[in-house]
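Okay, so here's the structure we're looking at.
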Protein chains: 2
Amino acid sequence: MPADDLQSVADLARQLRVDSIRCTTSVGSGHPTSSLSAADLLAVLVTRHLRYDWTAPKRPENDHLIFSKGHASPLLYAVFRAVGVIDEDELISQYRRFGSRLQGHPTPVLPWVDLATGSLGVGVAAAVGVALAGKFLDELPYRVWVLCGDSELSEGSVWEAFDKAAFYELDNFTAIVDVNRLGQRGATEFGWDLDAYATRVAAFGCHPIETDGHDLAAIDAALNEAQRVRRPSVVLARTIKGKGAPEVEDKEGWHGVALPAEIAARSIAALGGPSSIVVSSALPEPGTPAITPNPHTPVTLPRYALGDKVATRRAYGEALVALAARPEVVVLDAEVGNSTHAEMFLAVAPERYFQTFIAEQLMVAAASGLAVRGYVPYAATFGAFVSRAFDFLRMSGISGASIRLAGSHAGVEIGPDGPSQMALEDLAALRAVHGSTVLYPADATSAVALTVAMADLPGISYIRTTRGAYPVIYGPEQEFPVGGAKVVRSGPADQVTLVGAGVTLHESLAAAELLAAEGIAARVVDCYSVKPVDMATLVASCAATGGRIVVTEDHYPAGGLGEAVLSALVAGGAVPRFAHLAVRELSQSGTAAELLAAAGISASCIAEAARSLFGS
Amino acid sequence: MPADDLQSVADLARQLRVDSIRCTTSVGSGHPTSSLSAADLLAVLVTRHLRYDWTAPKRPENDHLIFSKGHASPLLYAVFRAVGVIDEDELISQYRRFGSRLQGHPTPVLPWVDLATGSLGVGVAAAVGVALAGKFLDELPYRVWVLCGDSELSEGSVWEAFDKAAFYELDNFTAIVDVNRLGQRGATEFGWDLDAYATRVAAFGCHPIETDGHDLAAIDAALNEAQRVRRPSVVLARTIKGKGAPEVEDKEGWHGVALPAEIAARSIAALGGPSSIVVSSALPEPGTPAITPNPHTPVTLPRYALGDKVATRRAYGEALVALAARPEVVVLDAEVGNSTHAEMFLAVAPERYFQTFIAEQLMVAAASGLAVRGYVPYAATFGAFVSRAFDFLRMSGISGASIRLAGSHAGVEIGPDGPSQMALEDLAALRAVHGSTVLYPADATSAVALTVAMADLPGISYIRTTRGAYPVIYGPEQEFPVGGAKVVRSGPADQVTLVGAGVTLHESLAAAELLAAEGIAARVVDCYSVKPVDMATLVASCAATGGRIVVTEDHYPAGGLGEAVLSALVAGGAVPRFAHLAVRELSQSGTAAELLAAAGISASCIAEAARSLFGS
């Protein structure tokens, strides 16, 4: 680096440090020491390597800068000030304040932030998704730069990320690890043993680059090397936590603590005081993504004959095949695509099908990364294993990322594989994610319609599919609005409402037959949209049937269909006489019929619950 | 290996293969090919290395055999037959049948199974916990043998496990990886490239041993080496999926598929037909665990003065210090012990404190492993990051493992750190886990009492703690039975019930003051036990206050306190006029007071909701 450049970068680094201290001390919280350690890295990166049009953050050619160590937000925001997109007053007086976009950890409320970080191991995994988009879909030369902490490398998801970056030969992926030796409550596992990290990084197929994270020329060389190698790269930078604030440098007890005013003042003075340097990043080469999304592309849905037995998971796969007509649709598989039927997409659009192998966390994170670039990802695994990625779903919810997830093999219905393979808590988990949509179709027609509808839903949408094949009950002319429900059986003298979804809709229909034989008229409601739930239909059905309502779900009782329906009924002013059938004991192996009966959610159990509502 | 031994082990391996085929073909489901690949490994292990008293599976000196690739249950059960603990009829006619203990994936319903497996990456992580118990607590020379699949190595949790096995120098830990090249839907990422795996294993600090998984003498040598080295070891065995059934060997499309009867018959014939070999394992050396649990040890609880402001997370730490008197209590930290206050235990019982660094999956899995050996583990992290371990909690629920988990920094109450650090879906997730208990104390006295009560609870128990310090409202004489609730404010003319837990109890109490000033008498209920919930107290309070009830939670609306209370009320026959205040929008940074108000769960919002119930 020429001497002039060196000086200006050093000046910038000083400003980034001063600003990191100022904003945190001003509000009295935050992570200044974790920002100080990485200030030199960012000063070099932003001025000499990042290709980014700060005036147009949505330009497709821009590099991506992701702070996987989201707690270093003071540094990120100090960069934003230095490149001129936020001003000094906002940084110092608004950081972490109520109503401010400069939150404690970055979220996409800021246009220069791709996705929310702050749960370690998330950003680096999502970055793989962005890099996949760059290399295989956009075919643009942008680079994804991810800043990680050294503590963060304890998370298994980081190694899932490095593994997949190597598998897909993502030479546009560079992680920069700020090895400042100190975690939250003390030393990290490896301290400054960069070699230990480098050995692991290399073993996982990425190119490790060790550097002194406070030597600007060395950093510059490292970042050049990262771009030169034809592999994903991981820069391991030896740094000092709190660097530039001598009283706290490399000391325990200063993680997530704002510097007291006096220490802050002395540190800022030692750094030369506040400044207002404005720097720029290089602009990216103009370019155009290879794929142009076309959400208006006609999609021809598969059609099913009434009564044919088709598994909803198969319908999911067939819907993906139809959706392949839309160039922005991409599919991810965690090595179970032959079971979820996601694999059907592979045959028609292999260039938009990404295999993550058995790494559900990476699959979901990569979907979020693909969504950053405007793609419409569908990821699938067994519903039971969606639980592996729950934190990633939670974080995607905070990002507001639009991703689609299918969980197959729901409930005890799966039969002989036993409880480890049964999704029985997925509805609760997914309902609880911010901004989510939760769908659970009972037949192939509705499964196809809902899978296709998911393409245009904002936020996380989840579709729960069933292992077994059940009769098609809807004709192709039917519509399935998200938030709706279908009254699939009704008459003028209905005395009880039976609510089901998925397999329990079929059981509820069978129960209605049993009850009809006894002279009890039952209305049956298909609650295919679990969130949002169709309050109006539920309240009306409940009222029309004397308040009697039986909700049956192939799921544990907490947080699933039953509580969704009950909340809606009560919020809607109904006074239900409510029976809730759910899986209340640990299940086991058996046939679907045996397990539904044992769990008390079969047709005969539903009929019995309905009868009991007439007792009092 | 002497020639005679070689022959007898080979005969056993043939029987294991024959039985794996027979039981799966008999029921028409299961994973024979994944069992055949590992049959030679198990034949050598069980007869020549495992030290296990099959007549006394609870003997503390026994080795542990964990099938992390739980889908190879046919092989495991074939071993059980070969050592004489189950008979041929049970194996062949009961496997995967309803009511059988020989389920599709192993669970501890079988006395020789430590914990449920079937979600990949779980067993190997839990094995680290068992090995920790052996080395640091029991101080017995037993070894933990874990059978993994090669596909499984894509899961980040496997690398968390290897990393911690190395960090703790667990020379009693041996993973055996059945590298059969084929996953569920095709080839694995690395096929038979054992070197690629070995490089990673070594980089993560374990000792890799490559072997031919069908060469009995080579396997024997590898297992000897595993026991000789003074490090955790990982045997990488090159195997052929379906080995011994020539028509399916090394072929795609045979994962999780029982062999059709004709192929099965030909394969069994080629293997020499059924046999009834009975083998034995070496008995362990007699020994006594270094720690003798004493659940009757008196525990002196910390006491708090009414009105003192104490954070419940601090009370959690102080309760752990008190619990240190019980020799079986152990504590795990995922590198946030200074925030959860778990770290207070470190000062008094460092030998029973395990640092997992930032690896929440491993922390929870290790807790399950420690519970296998009868220890009473308490693990803690931020409530938000409990989500990272959700699959591990789900699987622990299936195991029926008794583990204790604290999630600190619940809800928007945490303030400036922002939404990524806010647990707002943890109650829903934990309520949905089978056999769980969910606790959420509002003050230090109840937090201490509940933390101590957790020591003797079966299954997973979760305590949610709060960042900020709030007044102590209970004297030390009070009792807090799990499943109870406290009426903390009441009068003869109460007109509305306000239900809270944690921070919202304090807001509800403040709301009652606001309402009292307007002449509205409010009853306030502390619902500190979210699961099980106190139906009787809730129904009685609701009835006594004209059905008017306001439930307020610092959590998203789905699946949390509100739905738990509503379900209990309706199940208990109440007809509530129900208001449910919860966090319905994405939160941000701010002070606790600002964020509680913005979320609509502050005292004034509660008072307003209560007033609205008088409207109609």
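Ordered as shown in the structure tokens, chains take letters A, B, and onward, while each chain numbers its residues from 1 and ligands are numbered from 1 in the order shown.
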- Quick one: everything within 10 Å of Asp193 in chain B, counting only C-alpha atoms, minus sequence neighbours fewer than 5 positions away in the same chain. Send it as a VMD selection string. chain B and resid 179 181 198 236 238
Could you give me, as a PDB file with C-alpha atoms, in the first residue's frame, the residues within 10 Å of Ala447 in chain B, counting only C-alpha atoms and dropping anything in the same chain fewer than 6 positions from it?
ATOM      1  CA  ALA B 311     -32.729 -10.084  38.847  1.00  0.00           C
ATOM      2  CA  THR B 312     -34.132 -13.591  38.568  1.00  0.00           C
ATOM      3  CA  ARG B 313     -31.072 -14.569  36.527  1.00  0.00           C
ATOM      4  CA  ARG B 314     -28.927 -13.652  39.523  1.00  0.00           C
ATOM      5  CA  ALA B 315     -31.221 -15.692  41.769  1.00  0.00           C
ATOM      6  CA  TYR B 316     -30.696 -18.592  39.373  1.00  0.00           C
ATOM      7  CA  GLY B 317     -26.948 -18.335  39.879  1.00  0.00           C
ATOM      8  CA  GLU B 318     -27.332 -18.091  43.638  1.00  0.00           C
ATOM      9  CA  ALA B 319     -29.588 -21.127  43.634  1.00  0.00           C
ATOM     10  CA  LEU B 439     -41.257 -22.129  34.679  1.00  0.00           C
ATOM     11  CA  TYR B 440     -41.097 -18.357  34.634  1.00  0.00           C
ATOM     12  CA  PRO B 441     -40.594 -16.737  38.015  1.00  0.00           C
ATOM     13  CA  ALA B 453     -37.213 -27.773  42.556  1.00  0.00           C
ATOM     14  CA  ILE B 463     -36.711 -21.758  33.656  1.00  0.00           C
ATOM     15  CA  ARG B 464     -37.012 -18.403  31.967  1.00  0.00           C
ATOM     16  CA  THR B 465     -35.207 -15.576  33.693  1.00  0.00           C
ATOM     17  CA  PHE B 480     -43.842 -22.655  44.823  1.00  0.00           C
ATOM     18  CA  GLY B 502     -41.903 -12.739  35.012  1.00  0.00           C
ATOM     19  CA  TYR B 528     -44.969 -18.867  37.429  1.00  0.00           C
TER      20      TYR B 528
END
- Task: Tell me which protein, DNA and RNA residues are within 9 Å of range 337-345 of chain A, counting only C-alpha atoms, leaving out same-chain ones fewer than 4 positions away, and put them as a VMD selection string.
- Result: (chain A and resid 313 to 324 330 to 333 349 to 350 352 to 353 355 378 to 382 406 to 409 465 467) or (chain B and resid 184 to 185)
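The shortest atom-to-atom distance to chain A, with only C-alpha atoms taken into account, belongs to B:Glu335 out of B:Asp534, B:Glu335, B:Glu247, B:Glu413.
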- Task: Determine which residues of range 48-104 of chain B receive a DSSP assignment of strand (DSSP E or B), computed from the backbone, and state them as a VMD selection string.
- Result: chain B and resid 51 64 to 67
Could you save those same residues with C-alpha atoms as a PDB file, in the first residue's frame?
ATOM      1  CA  ARG B  51     -16.787 -54.055  28.243  1.00  0.00           C
ATOM      2  CA  HIS B  64     -21.618 -47.121  26.524  1.00  0.00           C
ATOM      3  CA  LEU B  65     -22.735 -48.042  23.028  1.00  0.00           C
ATOM      4  CA  ILE B  66     -24.629 -45.278  21.249  1.00  0.00           C
ATOM      5  CA  PHE B  67     -25.992 -45.593  17.742  1.00  0.00           C
TER       6      PHE B  67
END
- Query: Hey, what's within 8 Å of range 289-292 of chain B if we count only C-alpha atoms and toss same-chain stuff fewer than 3 positions away? As an MDAnalysis selection string, please?
  - Reply: chainID B and resid 60 137:140 327:328
Filtering to all heavy atoms, could you give me those residues as a PDB file, in the first residue's frame?
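As written to disk, selection01.pdb reads:
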ATOM      1  N   PRO B  60     -22.490 -48.991  36.668  1.00  0.00           N
ATOM      2  CA  PRO B  60     -21.766 -47.758  36.320  1.00  0.00           C
ATOM      3  C   PRO B  60     -20.470 -47.999  35.582  1.00  0.00           C
ATOM      4  O   PRO B  60     -19.991 -47.111  34.874  1.00  0.00           O
ATOM      5  CB  PRO B  60     -21.503 -47.101  37.679  1.00  0.00           C
ATOM      6  CG  PRO B  60     -21.695 -48.163  38.701  1.00  0.00           C
ATOM      7  CD  PRO B  60     -22.654 -49.163  38.121  1.00  0.00           C
ATOM      8  N   LEU B 137     -16.237 -37.076  36.505  1.00  0.00           N
ATOM      9  CA  LEU B 137     -17.157 -37.216  37.636  1.00  0.00           C
ATOM     10  C   LEU B 137     -17.090 -38.632  38.197  1.00  0.00           C
ATOM     11  O   LEU B 137     -16.670 -38.835  39.326  1.00  0.00           O
ATOM     12  CB  LEU B 137     -18.582 -36.854  37.192  1.00  0.00           C
ATOM     13  CG  LEU B 137     -18.723 -35.439  36.593  1.00  0.00           C
ATOM     14  CD1 LEU B 137     -20.101 -35.245  35.981  1.00  0.00           C
ATOM     15  CD2 LEU B 137     -18.468 -34.366  37.660  1.00  0.00           C
ATOM     16  N   ASP B 138     -17.490 -39.602  37.371  1.00  0.00           N
ATOM     17  CA  ASP B 138     -17.397 -40.994  37.815  1.00  0.00           C
ATOM     18  C   ASP B 138     -15.951 -41.410  38.082  1.00  0.00           C
ATOM     19  O   ASP B 138     -15.680 -42.199  38.979  1.00  0.00           O
ATOM     20  CB  ASP B 138     -17.980 -41.926  36.744  1.00  0.00           C
ATOM     21  CG  ASP B 138     -19.494 -41.809  36.621  1.00  0.00           C
ATOM     22  OD1 ASP B 138     -20.148 -41.471  37.628  1.00  0.00           O
ATOM     23  OD2 ASP B 138     -20.005 -42.061  35.520  1.00  0.00           O
ATOM     24  N   GLU B 139     -15.057 -40.909  37.242  1.00  0.00           N
ATOM     25  CA  GLU B 139     -13.652 -41.349  37.281  1.00  0.00           C
ATOM     26  C   GLU B 139     -13.575 -42.873  37.178  1.00  0.00           C
ATOM     27  O   GLU B 139     -12.894 -43.543  37.941  1.00  0.00           O
ATOM     28  CB  GLU B 139     -12.936 -40.823  38.523  1.00  0.00           C
ATOM     29  CG  GLU B 139     -12.884 -39.289  38.551  1.00  0.00           C
ATOM     30  CD  GLU B 139     -12.224 -38.731  39.807  1.00  0.00           C
ATOM     31  OE1 GLU B 139     -11.407 -39.446  40.416  1.00  0.00           O
ATOM     32  OE2 GLU B 139     -12.530 -37.585  40.167  1.00  0.00           O
ATOM     33  N   LEU B 140     -14.306 -43.379  36.207  1.00  0.00           N
ATOM     34  CA  LEU B 140     -14.290 -44.817  35.907  1.00  0.00           C
ATOM     35  C   LEU B 140     -13.768 -44.986  34.485  1.00  0.00           C
ATOM     36  O   LEU B 140     -13.935 -44.098  33.649  1.00  0.00           O
ATOM     37  CB  LEU B 140     -15.702 -45.394  36.005  1.00  0.00           C
ATOM     38  CG  LEU B 140     -16.260 -45.580  37.421  1.00  0.00           C
ATOM     39  CD1 LEU B 140     -17.729 -45.950  37.366  1.00  0.00           C
ATOM     40  CD2 LEU B 140     -15.466 -46.644  38.179  1.00  0.00           C
ATOM     41  N   PRO B 327     -23.908 -33.404  45.463  1.00  0.00           N
ATOM     42  CA  PRO B 327     -22.737 -33.794  44.659  1.00  0.00           C
ATOM     43  C   PRO B 327     -23.065 -34.160  43.228  1.00  0.00           C
ATOM     44  O   PRO B 327     -22.168 -34.191  42.378  1.00  0.00           O
ATOM     45  CB  PRO B 327     -22.177 -34.998  45.429  1.00  0.00           C
ATOM     46  CG  PRO B 327     -23.302 -35.505  46.271  1.00  0.00           C
ATOM     47  CD  PRO B 327     -24.153 -34.318  46.597  1.00  0.00           C
ATOM     48  N   GLU B 328     -24.323 -34.447  42.939  1.00  0.00           N
ATOM     49  CA  GLU B 328     -24.698 -34.867  41.586  1.00  0.00           C
ATOM     50  C   GLU B 328     -25.052 -33.689  40.682  1.00  0.00           C
ATOM     51  O   GLU B 328     -25.295 -33.893  39.483  1.00  0.00           O
ATOM     52  CB  GLU B 328     -25.862 -35.863  41.650  1.00  0.00           C
ATOM     53  CG  GLU B 328     -27.190 -35.307  42.135  1.00  0.00           C
ATOM     54  CD  GLU B 328     -27.329 -35.302  43.653  1.00  0.00           C
ATOM     55  OE1 GLU B 328     -26.287 -35.335  44.345  1.00  0.00           O
ATOM     56  OE2 GLU B 328     -28.468 -35.251  44.148  1.00  0.00           O
TER      57      GLU B 328
END
- Item | Neighbour list for Pro286 in chain B as a PyMOL selection string, cut-off 12 Å, only C-alpha atoms, skip fewer than 6 positions in-chain | chain B and resi 51-53+59-62+140-142
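Between Leu498 in chain B and the candidates B:Ala432, B:Ala603, B:Val438, B:Ala125, the tightest atom-to-atom separation, counting only C-alpha atoms, involves B:Ala603.
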- Quick one: everything within 7 Å of range 102-105 of chain A, counting only C-alpha atoms, minus sequence neighbours fewer than 4 positions away in the same chain. Send it as a ChimeraX atom specification. /A:30,70-71,73,94-96,117-118 /B:416-418,588-589
Based on the selection just made, write N, CA and C atoms of those residues as a compact mmCIF listing (two decimals), in the first residue's frame.
# COMPACT_ATOMS: atom_id res chain seq x y z
N GLY A 30 -23.62 -1.52 24.73
CA GLY A 30 -23.05 -1.93 23.45
C GLY A 30 -21.68 -2.57 23.61
N GLY A 70 -22.62 -9.65 14.91
CA GLY A 70 -23.52 -8.50 14.88
C GLY A 70 -23.35 -7.55 16.03
N HIS A 71 -22.74 -8.05 17.10
CA HIS A 71 -22.55 -7.16 18.26
C HIS A 71 -21.52 -6.08 17.97
N SER A 73 -21.84 -3.89 15.96
CA SER A 73 -22.64 -2.87 15.25
C SER A 73 -22.05 -1.46 15.37
N GLN A 94 -28.36 8.53 18.42
CA GLN A 94 -29.48 7.62 18.17
C GLN A 94 -29.13 6.15 18.41
N TYR A 95 -27.86 5.83 18.44
CA TYR A 95 -27.48 4.41 18.56
C TYR A 95 -28.17 3.76 19.75
N ARG A 96 -28.85 2.65 19.46
CA ARG A 96 -29.52 1.83 20.48
C ARG A 96 -30.70 2.54 21.15
N THR A 117 -28.35 -10.02 12.16
CA THR A 117 -27.37 -10.88 12.81
C THR A 117 -27.37 -10.56 14.31
N GLY A 118 -26.64 -11.35 15.04
CA GLY A 118 -26.61 -11.17 16.50
C GLY A 118 -26.70 -12.51 17.21
N PRO B 416 -31.84 -2.55 25.05
CA PRO B 416 -31.09 -2.00 23.91
C PRO B 416 -30.46 -3.01 22.97
N ASP B 417 -30.27 -4.24 23.38
CA ASP B 417 -29.60 -5.20 22.49
C ASP B 417 -30.42 -5.53 21.24
N GLY B 418 -31.72 -5.35 21.32
CA GLY B 418 -32.53 -5.54 20.11
C GLY B 418 -33.04 -6.96 19.94
N GLN B 588 -37.32 -3.82 18.82
CA GLN B 588 -36.17 -3.01 18.39
C GLN B 588 -35.32 -2.74 19.63
N SER B 589 -34.46 -1.75 19.54
CA SER B 589 -33.70 -1.32 20.71
C SER B 589 -34.50 -0.25 21.47
